[in-house]
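Q: Okay, handing you the structure first.
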Amino acid sequence: MATITLEYDVRNKQAKQMIAIIQSLGLATRKKSGLEEALEDVAHGRLMTIHTPKNRKIR
């Protein structure tokens with residue numbers, strides 16, 4: 001498997017549509033960033049407490 005990094009203008013509707021088409025065909029997948037994975041964990045209840053760098057708890 002190969003990794004290809006694409007850079008494009010997010011405001012370009014044609015570029016966004018082309019990437020969506022490629023993903024819908026199953027030819028490529030999108031790798032989630034660490035932040036997106038963390039937010040998904042919080043949304044699905046897999047994370048109950050967030051610790052800040054100063055070790056304070058935020059709920």
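Going by the structure tokens order, chains are called A, B, ..., each with residues numbered from 1, while ligands are numbered from 1 in the order shown.
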DSSP on the backbone: which residues in segment 16-56 of chain A end up as helix (DSSP H, G or I)? Give the answer as a count of residues only.
A: 19
Q: Can you pull out the residues contacting Thr3 of chain A? Cut-off 12 Å, using only C-alpha atoms, and skip same-chain residues under 4 positions away; I want them as a CSV table (one decimal) with N, CA and C atoms, in the first residue's frame.
A:
```csv
chain,number,residue,atom,x,y,z
A,28,ALA,N,-9.5,5.1,-2.0
A,28,ALA,CA,-8.7,5.7,-1.0
A,28,ALA,C,-9.5,5.9,0.3
A,29,THR,N,-8.7,6.0,1.4
A,29,THR,CA,-9.3,6.3,2.7
A,29,THR,C,-8.7,7.5,3.3
A,30,ARG,N,-9.3,8.1,4.2
A,30,ARG,CA,-8.8,9.3,4.8
A,30,ARG,C,-8.3,9.0,6.2
A,31,LYS,N,-7.1,9.3,6.5
A,31,LYS,CA,-6.6,9.1,7.9
A,31,LYS,C,-7.0,10.2,8.8
```
Q: Distance atom CA of Met18 of chain A-atom CA of Leu6 of chain A, one decimal place?
A: 11.8 Å
Q: List every residue of chain A that DSSP, applied to the backbone, labels as strand (DSSP E or B), and write the result as a PyMOL selection string.
A: chain A and resi 50-51+57-58
Q: Quick one, how far is atom CA of Ile22 of chain A from atom CA of Glu7 of chain A?
A: 15.1 Å
